[in-house]
Amino acid sequence: MANKGKKFLINNIVPIVILIMLVMAIPMSGLSGGYLVQEMISRLSRNSFLVLSLIIPVVAGMGLNFGIVLGAMAGQLGLIFITDWRIAGMEGIALAVLISLPIAILLGIIGGYILNRAKGREMITSIIMGFFINGVYQLIVLYGMGNIIPMTNKKIILSRGYGIRNAIDLKNIRQVLDRSMVVKVGEFTVPLLTILIIGALCFFIVWFRKTKLGQDMRAIGQDMEIAKSAGIAVEKTRILSIVISTVLASIGQIIFLQNIGTMNTYNSHEQIGMFSIAAILIGGATAAKASIPNALGGIILFHLMFVISPRAGKELVGSAQIGEFFRVFISYGVIALALVLHQWRREQENKAERKKMMEIQLSGGEE
Amino acid sequence: MEKIKSYIETMGWPRVIIALFLLSMYIMAPFVGLNLGTSISDTLIRFGMNAILVLSLMPMIYSGTGLNFGLPLGVEAGLIGAVISVEMGLTGVFGFWGAIVMAIPFAIIFGWGYSQILNRVKGGEMMIATYVGFSSVAIMCIMWLILPFKSQDMIWAYGGSGLRTTISIENYWQGALNKIFPMADKIPFGEIIFFGFLAFLMWGFFKTKSGLAMKAVGANPKFALATGVNIDKVRTKSVIMSTMLAAIGIIVYQQSFGFIQLYLAPFYMAFPAIAAILIGGASVNKATVVNVMIGTFLFQGILTMTPSVINNLVKTDMSETLRIIISNGMILYALTRKGGKKNGK
């Protein structure tokens, strides 16, 4: 029993540490409980879809897919076009999703193909891939749009005549999803439609894992070689998992931006990968195991930290800036820590296995 | 023809394309009204600024610890040395060397801690290095705010706490390496000689016993282990060397640039350096001094030439976008090459 408790502690060390820190910091920040709950409801509805899009590549053993920024870019392209065509409301959102769909599929195929060539270092490759495609995105949006790609809305074009402005006002679709079906629970406003969409995605993930494809992915995630010899098309299935993740991320980015209401054309997508991954890791996921509770719990913990740390920093050391830097440190530090723990655990397993092999071969080797 | 083909194959297509691209830039320069002499001298100045940062990647690549995406950690050590030197009011050559002397102990401590992490995560170094680098930048941001520096040239002039984001070192040790040489503003002899000296030391080191051991660990860890090499110790040494060189590299960069950039500036410094060494022909587990020199020259050449040439040609400044595409494209190319250990399971 004690052993079980210890194991639970080790497996969930990241969320537990963060939770303890938060419990200490919340009273210091002086923020009211009601405010925090409302804040968490809106942040959950804003971010969940993006964070959930990370789960499927993890199942397929490809680690945390920093390539969701590719999907985010596809989503933003969709939003640029509907703003250009001045299509508002639900139709706008639906059209944005439709436009971004083929782009996301294409990017997902490219991404999956690249990651197949970098087996064993998918995560770092997906980070660099995000940077690279970001360059291409800039080339298209900053130099191509209004030039090669015709644009009609002068408001979103830079004064030099081509290229999209840094910030786009999404007033046509601002909070269309969030406001279309609002429920009051006590003093809190709940954006029911967005939550329903997120719920549908959760069901989809649960269902997907049980399908043939989902099982194949699981097998690949556990052991690529065995999966291959069992007749699973490893390369193709891995590409498919990235395509699904990218498509989901593009929808996620549209949900995210309709809530925010403005889009920073050249920055909105950049941080998405990092924030989403920090959130799911804080929720207790690893590069090899991620679940829906990890995602949702992680968002709550991560965003509580987001809201609280500048205030707590101010109360504690008299500087909101220090609190802000501290939050940045925690978000990067958590990713580093979670990855170290994951890699370390894997090393221990490998070591135990190697030791067995060595003992047979060398009758007592060193390692 | 066959010969050329096999030569290109060993060089790798991206490198050939980049070299040809740079060459065409130099050829085009006079036609769009640029002075070729100035262009080349600009390239050389940037080469002098960046070469040591690129060189700092070598030891870790040798020992099989991968591309040092945690370069910002060494940069932070260099920044600490630099601000201490300014705080002490050291100027000229003393200021420059003072900064290096102050930075090295920090680099050794940081490098040691960093190596302890990396030794526990063999096979996943690059990913973790990236985030160790990022978190070190964030924690040092806090440090710049709370460390008790007093120099009027470094703290905010009116109230506020902590150091400025950019500190001018014009009155301290800007150009300390070059000033004694003729034509200091055209060709950075001092920096090139200093780089040559460090590169020579590095070359010499890899001829010594511990250098060869490092090579062995990178090339074949099992073989190294069998010959009685302590792998973790060798890796630790290589990480400390890389971190120290990165600290020296950023100080050389600053004395040429004239400013110390604190806070978020070191964030993405690893990526251009890594792109440069890869363009020079290095791979994830192999790099030479020649790779460093060719790579830095090509990469910095492109960074200097594209904005001016393209700007004159199409009246648009696309340099930043091109830089992103070229540098990350290069890293992506290297990561997707076959070879290197496969750790996928």
# chains A, B, ... in the order shown; residues from 1 in each chain; ligands from 1

$ closest_atom_pairs --of "chain B" --to "chain A" --cutoff "9 Å" --atoms "only C-alpha atoms" --output "CSV"
residue,atom,partner,partner_atom,distance
B:Ile117,CA,A:Val340,CA,7.5
B:Leu118,CA,A:Val340,CA,8.5
B:Arg120,CA,A:Trp344,CA,5.9
B:Val121,CA,A:Gln343,CA,5.3
B:Lys122,CA,A:Glu347,CA,7.7
B:Gly123,CA,A:Gln343,CA,8.1
B:Gly124,CA,A:Gln343,CA,6.6
B:Met126,CA,A:Ile124,CA,6.7
B:Met127,CA,A:Ile124,CA,5.1
B:Ile128,CA,A:Ala336,CA,5.6
B:Ala129,CA,A:Ala336,CA,8.0
B:Thr130,CA,A:Ala336,CA,8.2
B:Tyr131,CA,A:Ala336,CA,5.1
B:Val132,CA,A:Ala336,CA,6.1
B:Phe134,CA,A:Tyr332,CA,6.3
B:Ser135,CA,A:Phe329,CA,5.1
B:Ser136,CA,A:Phe329,CA,7.7
B:Val137,CA,A:Phe329,CA,8.0
B:Ala138,CA,A:Phe329,CA,4.8
B:Ile139,CA,A:Phe329,CA,5.9
B:Cys141,CA,A:Phe325,CA,6.6
B:Ile142,CA,A:Ile322,CA,5.7
B:Leu145,CA,A:Ile322,CA,7.5
B:Ile146,CA,A:Ile322,CA,8.7
B:Leu225,CA,A:Glu366,CA,8.8
B:Thr316,CA,A:Tyr143,CA,8.7
B:Met318,CA,A:Leu139,CA,8.1
B:Glu320,CA,A:Gly135,CA,8.7
B:Thr321,CA,A:Gly135,CA,5.5
B:Leu322,CA,A:Gly135,CA,7.2
B:Arg323,CA,A:Gly135,CA,8.2
B:Ile324,CA,A:Gly135,CA,5.3
B:Ile325,CA,A:Gly135,CA,5.0
B:Ile326,CA,A:Phe132,CA,8.1
B:Ser327,CA,A:Phe132,CA,8.2
B:Asn328,CA,A:Phe132,CA,5.1
B:Gly329,CA,A:Phe132,CA,5.9
B:Ile331,CA,A:Ile128,CA,7.2
B:Leu332,CA,A:Ile128,CA,6.2
B:Leu335,CA,A:Ala118,CA,6.2
B:Thr336,CA,A:Ala118,CA,4.7
B:Arg337,CA,A:Arg117,CA,7.1
B:Lys338,CA,A:Arg117,CA,7.5
B:Lys341,CA,A:Gly120,CA,8.2
B:Lys342,CA,A:Gly120,CA,5.6
B:Asn343,CA,A:Gly120,CA,4.6
B:Gly344,CA,A:Gly120,CA,3.8
B:Lys345,CA,A:Asp223,CA,5.3

$ residues_around --residues "segment 44-50 of chain A" --least-positions-apart "2" --cutoff "6 Å" --atoms "only C-alpha atoms" --output "PDB file with all heavy atoms, in the first residue's frame"
ATOM      1  N   MET A  40     -11.158  30.789 -14.732  1.00  0.00           N
ATOM      2  CA  MET A  40     -10.810  29.427 -15.157  1.00  0.00           C
ATOM      3  C   MET A  40     -11.814  28.874 -16.158  1.00  0.00           C
ATOM      4  O   MET A  40     -11.439  28.189 -17.100  1.00  0.00           O
ATOM      5  CB  MET A  40     -10.731  28.482 -13.940  1.00  0.00           C
ATOM      6  CG  MET A  40      -9.473  28.608 -13.124  1.00  0.00           C
ATOM      7  SD  MET A  40      -7.991  28.664 -14.140  1.00  0.00           S
ATOM      8  CE  MET A  40      -7.473  30.344 -13.918  1.00  0.00           C
ATOM      9  N   ILE A  41     -13.111  29.207 -15.955  1.00  0.00           N
ATOM     10  CA  ILE A  41     -14.123  28.736 -16.905  1.00  0.00           C
ATOM     11  C   ILE A  41     -13.821  29.284 -18.292  1.00  0.00           C
ATOM     12  O   ILE A  41     -13.796  28.560 -19.286  1.00  0.00           O
ATOM     13  CB  ILE A  41     -15.541  29.155 -16.452  1.00  0.00           C
ATOM     14  CG1 ILE A  41     -15.925  28.397 -15.184  1.00  0.00           C
ATOM     15  CG2 ILE A  41     -16.566  28.872 -17.555  1.00  0.00           C
ATOM     16  CD1 ILE A  41     -17.213  28.857 -14.563  1.00  0.00           C
ATOM     17  N   SER A  42     -13.524  30.594 -18.356  1.00  0.00           N
ATOM     18  CA  SER A  42     -13.306  31.159 -19.685  1.00  0.00           C
ATOM     19  C   SER A  42     -11.995  30.653 -20.275  1.00  0.00           C
ATOM     20  O   SER A  42     -11.890  30.433 -21.480  1.00  0.00           O
ATOM     21  CB  SER A  42     -13.362  32.688 -19.644  1.00  0.00           C
ATOM     22  OG  SER A  42     -12.282  33.177 -18.919  1.00  0.00           O
ATOM     23  N   LEU A  52      -6.064  19.559 -26.114  1.00  0.00           N
ATOM     24  CA  LEU A  52      -6.510  18.195 -26.405  1.00  0.00           C
ATOM     25  C   LEU A  52      -5.941  17.693 -27.734  1.00  0.00           C
ATOM     26  O   LEU A  52      -5.762  16.495 -27.928  1.00  0.00           O
ATOM     27  CB  LEU A  52      -8.040  18.138 -26.440  1.00  0.00           C
ATOM     28  CG  LEU A  52      -8.715  18.246 -25.065  1.00  0.00           C
ATOM     29  CD1 LEU A  52     -10.205  18.489 -25.230  1.00  0.00           C
ATOM     30  CD2 LEU A  52      -8.475  16.999 -24.248  1.00  0.00           C
ATOM     31  N   SER A  53      -5.627  18.618 -28.631  1.00  0.00           N
ATOM     32  CA  SER A  53      -5.099  18.186 -29.928  1.00  0.00           C
ATOM     33  C   SER A  53      -3.723  17.545 -29.799  1.00  0.00           C
ATOM     34  O   SER A  53      -3.221  16.951 -30.751  1.00  0.00           O
ATOM     35  CB  SER A  53      -5.039  19.370 -30.898  1.00  0.00           C
ATOM     36  OG  SER A  53      -3.987  20.225 -30.557  1.00  0.00           O
ATOM     37  N   ILE A 195     -18.157  24.681 -24.632  1.00  0.00           N
ATOM     38  CA  ILE A 195     -17.902  23.534 -23.761  1.00  0.00           C
ATOM     39  C   ILE A 195     -18.429  22.258 -24.392  1.00  0.00           C
ATOM     40  O   ILE A 195     -17.797  21.201 -24.314  1.00  0.00           O
ATOM     41  CB  ILE A 195     -18.557  23.775 -22.382  1.00  0.00           C
ATOM     42  CG1 ILE A 195     -17.989  25.071 -21.804  1.00  0.00           C
ATOM     43  CG2 ILE A 195     -18.401  22.557 -21.465  1.00  0.00           C
ATOM     44  CD1 ILE A 195     -17.313  25.023 -20.503  1.00  0.00           C
ATOM     45  N   ILE A 198     -16.005  21.100 -26.950  1.00  0.00           N
ATOM     46  CA  ILE A 198     -14.859  20.465 -26.301  1.00  0.00           C
ATOM     47  C   ILE A 198     -15.232  19.069 -25.813  1.00  0.00           C
ATOM     48  O   ILE A 198     -14.466  18.112 -25.982  1.00  0.00           O
ATOM     49  CB  ILE A 198     -14.352  21.343 -25.144  1.00  0.00           C
ATOM     50  CG1 ILE A 198     -13.761  22.631 -25.714  1.00  0.00           C
ATOM     51  CG2 ILE A 198     -13.316  20.608 -24.304  1.00  0.00           C
ATOM     52  CD1 ILE A 198     -13.611  23.732 -24.705  1.00  0.00           C
ATOM     53  N   ALA A 249      -5.722  21.182 -34.126  1.00  0.00           N
ATOM     54  CA  ALA A 249      -5.099  22.416 -33.657  1.00  0.00           C
ATOM     55  C   ALA A 249      -5.593  23.620 -34.443  1.00  0.00           C
ATOM     56  O   ALA A 249      -5.747  24.707 -33.891  1.00  0.00           O
ATOM     57  CB  ALA A 249      -3.578  22.310 -33.754  1.00  0.00           C
ATOM     58  N   GLY A 252      -8.772  24.424 -33.010  1.00  0.00           N
ATOM     59  CA  GLY A 252      -8.495  24.950 -31.679  1.00  0.00           C
ATOM     60  C   GLY A 252      -8.061  26.400 -31.719  1.00  0.00           C
ATOM     61  O   GLY A 252      -8.486  27.215 -30.900  1.00  0.00           O
ATOM     62  N   PHE A 256      -9.788  29.589 -30.019  1.00  0.00           N
ATOM     63  CA  PHE A 256      -8.969  30.435 -29.152  1.00  0.00           C
ATOM     64  C   PHE A 256      -9.079  31.901 -29.562  1.00  0.00           C
ATOM     65  O   PHE A 256      -9.334  32.783 -28.743  1.00  0.00           O
ATOM     66  CB  PHE A 256      -7.518  29.953 -29.251  1.00  0.00           C
ATOM     67  CG  PHE A 256      -6.510  30.754 -28.490  1.00  0.00           C
ATOM     68  CD1 PHE A 256      -6.321  30.538 -27.135  1.00  0.00           C
ATOM     69  CD2 PHE A 256      -5.731  31.707 -29.123  1.00  0.00           C
ATOM     70  CE1 PHE A 256      -5.382  31.267 -26.423  1.00  0.00           C
ATOM     71  CE2 PHE A 256      -4.796  32.443 -28.422  1.00  0.00           C
ATOM     72  CZ  PHE A 256      -4.623  32.215 -27.065  1.00  0.00           C
TER      73      PHE A 256
END

$ residues_around --residues "Met241 of chain B" --least-positions-apart "2" --cutoff "8 Å" --atoms "only C-alpha atoms" --output "ChimeraX atom specification"
/B:56,59,111,237-239,243-245

$ atom_distance --atom1 "atom CA of Asn147 of chain A" --atom2 "atom CA of Gly301 of chain B"
28.8 Å

$ select_by_dssp --residues "segment 124-302 of chain A" --states "strand (DSSP E or B)" --output "ChimeraX atom specification"
/A:145,149,157,164,167-169,182-185,188-191,262-264

$ write_last_selection --atoms "all heavy atoms" --output "CSV table (one decimal), in the first residue's frame"
chain,number,residue,atom,x,y,z
A,145,MET,N,0.4,38.2,-49.6
A,145,MET,CA,-1.0,38.6,-49.6
A,145,MET,C,-1.2,40.0,-50.0
A,145,MET,O,-0.5,40.9,-49.6
A,145,MET,CB,-1.6,38.4,-48.2
A,145,MET,CG,-1.8,36.9,-47.9
A,145,MET,SD,-2.9,36.7,-46.5
A,145,MET,CE,-3.2,35.0,-46.6
A,149,ILE,N,-1.7,36.9,-53.8
A,149,ILE,CA,-3.0,36.5,-53.4
A,149,ILE,C,-3.8,37.8,-53.3
A,149,ILE,O,-3.5,38.6,-52.5
A,149,ILE,CB,-2.9,35.8,-52.1
A,149,ILE,CG1,-1.9,34.6,-52.2
A,149,ILE,CG2,-4.3,35.3,-51.6
A,149,ILE,CD1,-1.4,34.1,-50.9
A,157,ILE,N,-4.8,45.4,-44.7
A,157,ILE,CA,-3.6,45.4,-45.5
A,157,ILE,C,-2.7,46.5,-45.0
A,157,ILE,O,-3.1,47.6,-44.6
A,157,ILE,CB,-3.9,45.7,-47.0
A,157,ILE,CG1,-4.8,44.5,-47.6
A,157,ILE,CG2,-2.7,45.9,-47.9
A,157,ILE,CD1,-4.0,43.3,-47.9
A,164,ILE,N,-0.2,41.6,-44.6
A,164,ILE,CA,-1.3,41.8,-43.7
A,164,ILE,C,-0.8,42.6,-42.4
A,164,ILE,O,0.4,42.4,-42.1
A,164,ILE,CB,-1.8,40.4,-43.2
A,164,ILE,CG1,-2.3,39.6,-44.4
A,164,ILE,CG2,-2.9,40.5,-42.2
A,164,ILE,CD1,-3.5,40.2,-45.1
A,167,ALA,N,-1.9,43.4,-36.4
A,167,ALA,CA,-3.0,43.0,-35.6
A,167,ALA,C,-4.3,43.1,-36.4
A,167,ALA,O,-4.5,44.0,-37.2
A,167,ALA,CB,-3.2,43.9,-34.4
A,168,ILE,N,-5.1,42.0,-36.4
A,168,ILE,CA,-6.4,42.0,-37.1
A,168,ILE,C,-7.5,42.0,-36.1
A,168,ILE,O,-7.5,41.2,-35.1
A,168,ILE,CB,-6.5,40.8,-38.0
A,168,ILE,CG1,-5.5,40.9,-39.1
A,168,ILE,CG2,-7.9,40.8,-38.6
A,168,ILE,CD1,-5.5,39.8,-40.1
A,169,ASP,N,-8.4,43.0,-36.2
A,169,ASP,CA,-9.6,43.0,-35.3
A,169,ASP,C,-10.6,42.0,-35.8
A,169,ASP,O,-11.1,42.1,-36.9
A,169,ASP,CB,-10.2,44.4,-35.4
A,169,ASP,CG,-11.2,44.6,-34.3
A,169,ASP,OD1,-11.5,43.6,-33.6
A,169,ASP,OD2,-11.8,45.7,-34.2
A,182,VAL,N,-25.3,30.8,-23.7
A,182,VAL,CA,-24.7,31.1,-22.4
A,182,VAL,C,-25.6,30.7,-21.3
A,182,VAL,O,-26.9,30.9,-21.3
A,182,VAL,CB,-24.5,32.7,-22.3
A,182,VAL,CG1,-23.9,33.0,-20.9
A,182,VAL,CG2,-23.5,33.1,-23.4
A,183,VAL,N,-25.1,30.0,-20.4
A,183,VAL,CA,-25.8,29.5,-19.2
A,183,VAL,C,-25.3,30.2,-18.0
A,183,VAL,O,-24.1,30.3,-17.8
A,183,VAL,CB,-25.7,28.0,-19.1
A,183,VAL,CG1,-26.5,27.5,-17.9
A,183,VAL,CG2,-26.2,27.3,-20.3
A,184,LYS,N,-26.1,30.6,-17.1
A,184,LYS,CA,-25.7,31.2,-15.8
A,184,LYS,C,-25.8,30.1,-14.8
A,184,LYS,O,-26.8,29.6,-14.5
A,184,LYS,CB,-26.6,32.4,-15.4
A,184,LYS,CG,-26.3,33.6,-16.2
A,184,LYS,CD,-25.5,34.6,-15.4
A,184,LYS,CE,-25.1,35.8,-16.2
A,184,LYS,NZ,-24.0,36.5,-15.7
A,185,VAL,N,-24.6,29.8,-14.2
A,185,VAL,CA,-24.6,28.9,-13.1
A,185,VAL,C,-24.2,29.7,-11.8
A,185,VAL,O,-23.1,30.1,-11.7
A,185,VAL,CB,-23.6,27.7,-13.3
A,185,VAL,CG1,-23.6,26.8,-12.1
A,185,VAL,CG2,-23.9,27.0,-14.6
A,188,PHE,N,-21.7,32.6,-12.1
A,188,PHE,CA,-20.8,32.4,-13.2
A,188,PHE,C,-21.5,32.2,-14.5
A,188,PHE,O,-22.5,31.6,-14.7
A,188,PHE,CB,-19.9,31.1,-12.9
A,188,PHE,CG,-19.3,31.1,-11.6
A,188,PHE,CD1,-19.5,30.1,-10.7
A,188,PHE,CD2,-18.4,32.2,-11.2
A,188,PHE,CE1,-19.0,30.2,-9.4
A,188,PHE,CE2,-17.8,32.2,-10.0
A,188,PHE,CZ,-18.1,31.2,-9.0
A,189,THR,N,-20.8,32.8,-15.6
A,189,THR,CA,-21.3,32.6,-16.9
A,189,THR,C,-20.5,31.5,-17.6
A,189,THR,O,-19.3,31.5,-17.5
A,189,THR,CB,-21.0,33.9,-17.8
A,189,THR,OG1,-20.2,34.8,-17.0
A,189,THR,CG2,-22.3,34.6,-18.2
A,190,VAL,N,-21.3,30.6,-18.2
A,190,VAL,CA,-20.7,29.4,-18.8
A,190,VAL,C,-21.0,29.4,-20.3
A,190,VAL,O,-22.1,29.4,-20.7
A,190,VAL,CB,-21.2,28.1,-18.2
A,190,VAL,CG1,-20.5,26.9,-18.8
A,190,VAL,CG2,-20.9,28.1,-16.7
A,191,PRO,N,-19.9,29.5,-21.1
A,191,PRO,CA,-20.2,29.4,-22.6
A,191,PRO,C,-20.5,28.0,-23.0
A,191,PRO,O,-19.6,27.2,-23.4
A,191,PRO,CB,-18.8,29.9,-23.2
A,191,PRO,CG,-17.8,29.6,-22.1
A,191,PRO,CD,-18.5,29.6,-20.8
A,262,THR,N,-8.9,39.5,-31.0
A,262,THR,CA,-8.0,40.1,-31.9
A,262,THR,C,-6.9,39.1,-32.3
A,262,THR,O,-6.6,38.2,-31.4
A,262,THR,CB,-7.3,41.4,-31.4
A,262,THR,OG1,-6.9,41.1,-30.1
A,262,THR,CG2,-8.1,42.6,-31.4
A,263,MET,N,-6.3,39.2,-33.4
A,263,MET,CA,-5.3,38.3,-33.8
A,263,MET,C,-4.0,39.0,-34.1
A,263,MET,O,-4.0,40.0,-34.9
A,263,MET,CB,-5.8,37.5,-35.1
A,263,MET,CG,-4.8,36.6,-35.7
A,263,MET,SD,-5.6,35.7,-37.0
A,263,MET,CE,-4.6,36.1,-38.3
A,264,ASN,N,-3.0,38.6,-33.4
A,264,ASN,CA,-1.6,39.1,-33.8
A,264,ASN,C,-1.1,38.2,-34.9
A,264,ASN,O,-0.7,37.1,-34.7
A,264,ASN,CB,-0.7,39.1,-32.6
A,264,ASN,CG,-1.0,40.1,-31.5
A,264,ASN,OD1,-1.4,41.2,-31.9
A,264,ASN,ND2,-1.1,39.6,-30.3

$ closest_residue --among "B:Ile27, B:Ala157, B:Leu44, B:Ile180" --to "Gly92 of chain B" --atoms "only C-alpha atoms"
B:Ile180

$ closest_residue --among "A:Asn259, A:Ser268, A:Thr246, A:Ser159" --to "Ile173 of chain A" --atoms "only C-alpha atoms"
A:Asn259

$ select_by_dssp --residues "segment 85-177 of chain A" --states "alpha helix (DSSP H)" --output "short mmCIF file (atom, residue, chain, number, x, y, z; two decimals) with C-alpha atoms, in the first residue's frame"
data_model
loop_
_atom_site.label_atom_id
_atom_site.label_comp_id
_atom_site.auth_asym_id
_atom_site.auth_seq_id
_atom_site.Cartn_x
_atom_site.Cartn_y
_atom_site.Cartn_z
CA GLY A 89 -20.97 35.31 -37.26
CA MET A 90 -21.36 31.55 -37.29
CA GLU A 91 -20.98 31.42 -41.07
CA GLY A 92 -17.62 33.13 -40.64
CA ILE A 93 -16.40 30.58 -38.14
CA ALA A 94 -17.65 27.67 -40.22
CA LEU A 95 -16.01 29.04 -43.35
CA ALA A 96 -12.74 29.70 -41.51
CA VAL A 97 -12.72 26.07 -40.39
CA LEU A 98 -13.48 24.93 -43.94
CA ILE A 99 -10.68 27.01 -45.42
CA SER A 100 -8.14 25.95 -42.85
CA LEU A 101 -9.03 22.27 -43.18
CA PRO A 102 -7.18 21.50 -46.45
CA ILE A 103 -4.25 23.69 -45.41
CA ALA A 104 -4.00 21.87 -42.08
CA ILE A 105 -4.21 18.48 -43.79
CA LEU A 106 -1.44 19.44 -46.20
CA LEU A 107 0.76 20.81 -43.42
CA GLY A 108 0.05 17.72 -41.34
CA ILE A 109 1.16 15.44 -44.17
CA ILE A 110 4.35 17.45 -44.62
CA GLY A 111 4.93 17.47 -40.88
CA GLY A 112 4.31 13.75 -40.52
CA TYR A 113 6.65 13.01 -43.38
CA ILE A 114 9.41 15.13 -41.82
CA LEU A 115 8.92 13.56 -38.40
CA ASN A 116 9.10 10.09 -39.93
CA GLU A 122 10.47 13.98 -33.02
CA MET A 123 10.01 16.66 -30.39
CA ILE A 124 13.03 18.82 -31.16
CA THR A 125 12.35 18.33 -34.86
CA SER A 126 8.75 19.44 -34.43
CA ILE A 127 9.93 22.61 -32.66
CA ILE A 128 12.28 23.51 -35.49
CA MET A 129 9.61 22.55 -38.02
CA GLY A 130 7.32 25.10 -36.36
CA PHE A 131 9.98 27.77 -36.71
CA PHE A 132 10.59 26.85 -40.33
CA ILE A 133 6.96 26.84 -41.39
CA ASN A 134 6.57 30.10 -39.51
CA GLY A 135 9.10 31.56 -41.95
CA VAL A 136 7.06 30.29 -44.88
CA TYR A 137 3.89 31.64 -43.27
CA GLN A 138 5.54 35.06 -42.96
CA VAL A 176 -19.60 34.17 -31.55
CA LEU A 177 -19.28 30.64 -30.23
#

$ residues_around --residues "Gly175 of chain B" --least-positions-apart "6" --cutoff "8 Å" --atoms "only C-alpha atoms" --output "list in words"
Gln255, Ser256 and Gly258 of chain B

$ atom_distance --atom1 "atom CA of Ser41 of chain B" --atom2 "atom CA of Ile294 of chain B"
16.0 Å

$ residues_around --residues "Val292 of chain B" --least-positions-apart "6" --cutoff "8 Å" --atoms "only C-alpha atoms" --output "list in words"
Ala51, Val54, Leu55, Ala276, Ile277, Gly280 and Ala282 of chain B

$ atom_distance --atom1 "atom CA of Ile82 of chain A" --atom2 "atom CA of Met181 of chain A"
22.6 Å

$ residues_around --residues "Phe47 of chain B" --least-positions-apart "5" --cutoff "10 Å" --atoms "only C-alpha atoms" --output "ChimeraX atom specification"
/B:41-42,52,54,188,191-192,195,253,293-301

$ write_last_selection --atoms "C-alpha atoms" --output "PDB file, in the first residue's frame"
ATOM      1  CA  SER B  41      34.234  43.747 -44.839  1.00  0.00           C
ATOM      2  CA  ASP B  42      30.725  43.685 -43.306  1.00  0.00           C
ATOM      3  CA  ILE B  52      33.436  31.753 -31.260  1.00  0.00           C
ATOM      4  CA  VAL B  54      29.647  28.723 -33.275  1.00  0.00           C
ATOM      5  CA  PRO B 188      38.481  42.653 -37.402  1.00  0.00           C
ATOM      6  CA  GLU B 191      38.756  38.883 -33.292  1.00  0.00           C
ATOM      7  CA  ILE B 192      39.925  36.666 -36.110  1.00  0.00           C
ATOM      8  CA  PHE B 195      39.194  32.942 -32.820  1.00  0.00           C
ATOM      9  CA  TYR B 253      30.258  39.467 -29.633  1.00  0.00           C
ATOM     10  CA  MET B 293      34.735  28.629 -40.262  1.00  0.00           C
ATOM     11  CA  ILE B 294      32.981  27.870 -43.553  1.00  0.00           C
ATOM     12  CA  GLY B 295      29.587  27.766 -41.861  1.00  0.00           C
ATOM     13  CA  THR B 296      29.965  31.038 -40.007  1.00  0.00           C
ATOM     14  CA  PHE B 297      31.220  32.767 -43.132  1.00  0.00           C
ATOM     15  CA  LEU B 298      28.402  31.440 -45.327  1.00  0.00           C
ATOM     16  CA  PHE B 299      25.653  32.064 -42.795  1.00  0.00           C
ATOM     17  CA  GLN B 300      26.819  35.541 -41.813  1.00  0.00           C
ATOM     18  CA  GLY B 301      27.504  36.309 -45.456  1.00  0.00           C
TER      19      GLY B 301
END

$ residues_around --residues "Phe149 of chain B" --least-positions-apart "3" --cutoff "9 Å" --atoms "only C-alpha atoms" --output "PyMOL selection string"
chain B and resi 83-84+87+144+146+152+154-155+162-163

$ write_last_selection --atoms "N, CA, C and O atoms" --output "short mmCIF file (atom, residue, chain, number, x, y, z; two decimals), in the first residue's frame"
data_model
loop_
_atom_site.label_atom_id
_atom_site.label_comp_id
_atom_site.auth_asym_id
_atom_site.auth_seq_id
_atom_site.Cartn_x
_atom_site.Cartn_y
_atom_site.Cartn_z
N VAL B 83 28.76 42.21 -17.08
CA VAL B 83 28.22 43.27 -16.22
C VAL B 83 29.11 43.47 -14.99
O VAL B 83 29.26 44.60 -14.52
N ILE B 84 29.74 42.41 -14.49
CA ILE B 84 30.65 42.59 -13.35
C ILE B 84 31.83 43.45 -13.79
O ILE B 84 32.24 44.37 -13.08
N GLU B 87 30.72 46.94 -13.92
CA GLU B 87 30.48 47.42 -12.55
C GLU B 87 31.80 47.82 -11.89
O GLU B 87 31.88 48.81 -11.16
N TRP B 144 18.67 39.82 -13.09
CA TRP B 144 19.02 41.17 -13.54
C TRP B 144 18.20 42.21 -12.78
O TRP B 144 18.63 43.35 -12.61
N ILE B 146 17.09 41.86 -9.58
CA ILE B 146 17.32 41.96 -8.14
C ILE B 146 18.79 42.04 -7.74
O ILE B 146 19.08 42.41 -6.61
N GLN B 152 26.19 53.64 -12.66
CA GLN B 152 25.20 54.53 -13.26
C GLN B 152 24.95 54.20 -14.72
O GLN B 152 23.89 54.50 -15.26
N MET B 154 24.61 51.34 -15.95
CA MET B 154 23.88 50.10 -16.15
C MET B 154 22.47 50.10 -15.60
O MET B 154 21.62 49.38 -16.10
N ILE B 155 22.22 50.86 -14.51
CA ILE B 155 20.87 50.80 -13.94
C ILE B 155 19.99 51.86 -14.62
O ILE B 155 20.49 52.77 -15.28
N GLY B 162 16.74 47.40 -11.03
CA GLY B 162 17.44 46.46 -11.89
C GLY B 162 18.20 47.09 -13.03
O GLY B 162 18.23 48.32 -13.18
N LEU B 163 18.79 46.22 -13.84
CA LEU B 163 19.65 46.66 -14.93
C LEU B 163 18.83 47.03 -16.16
O LEU B 163 17.70 46.58 -16.33
#
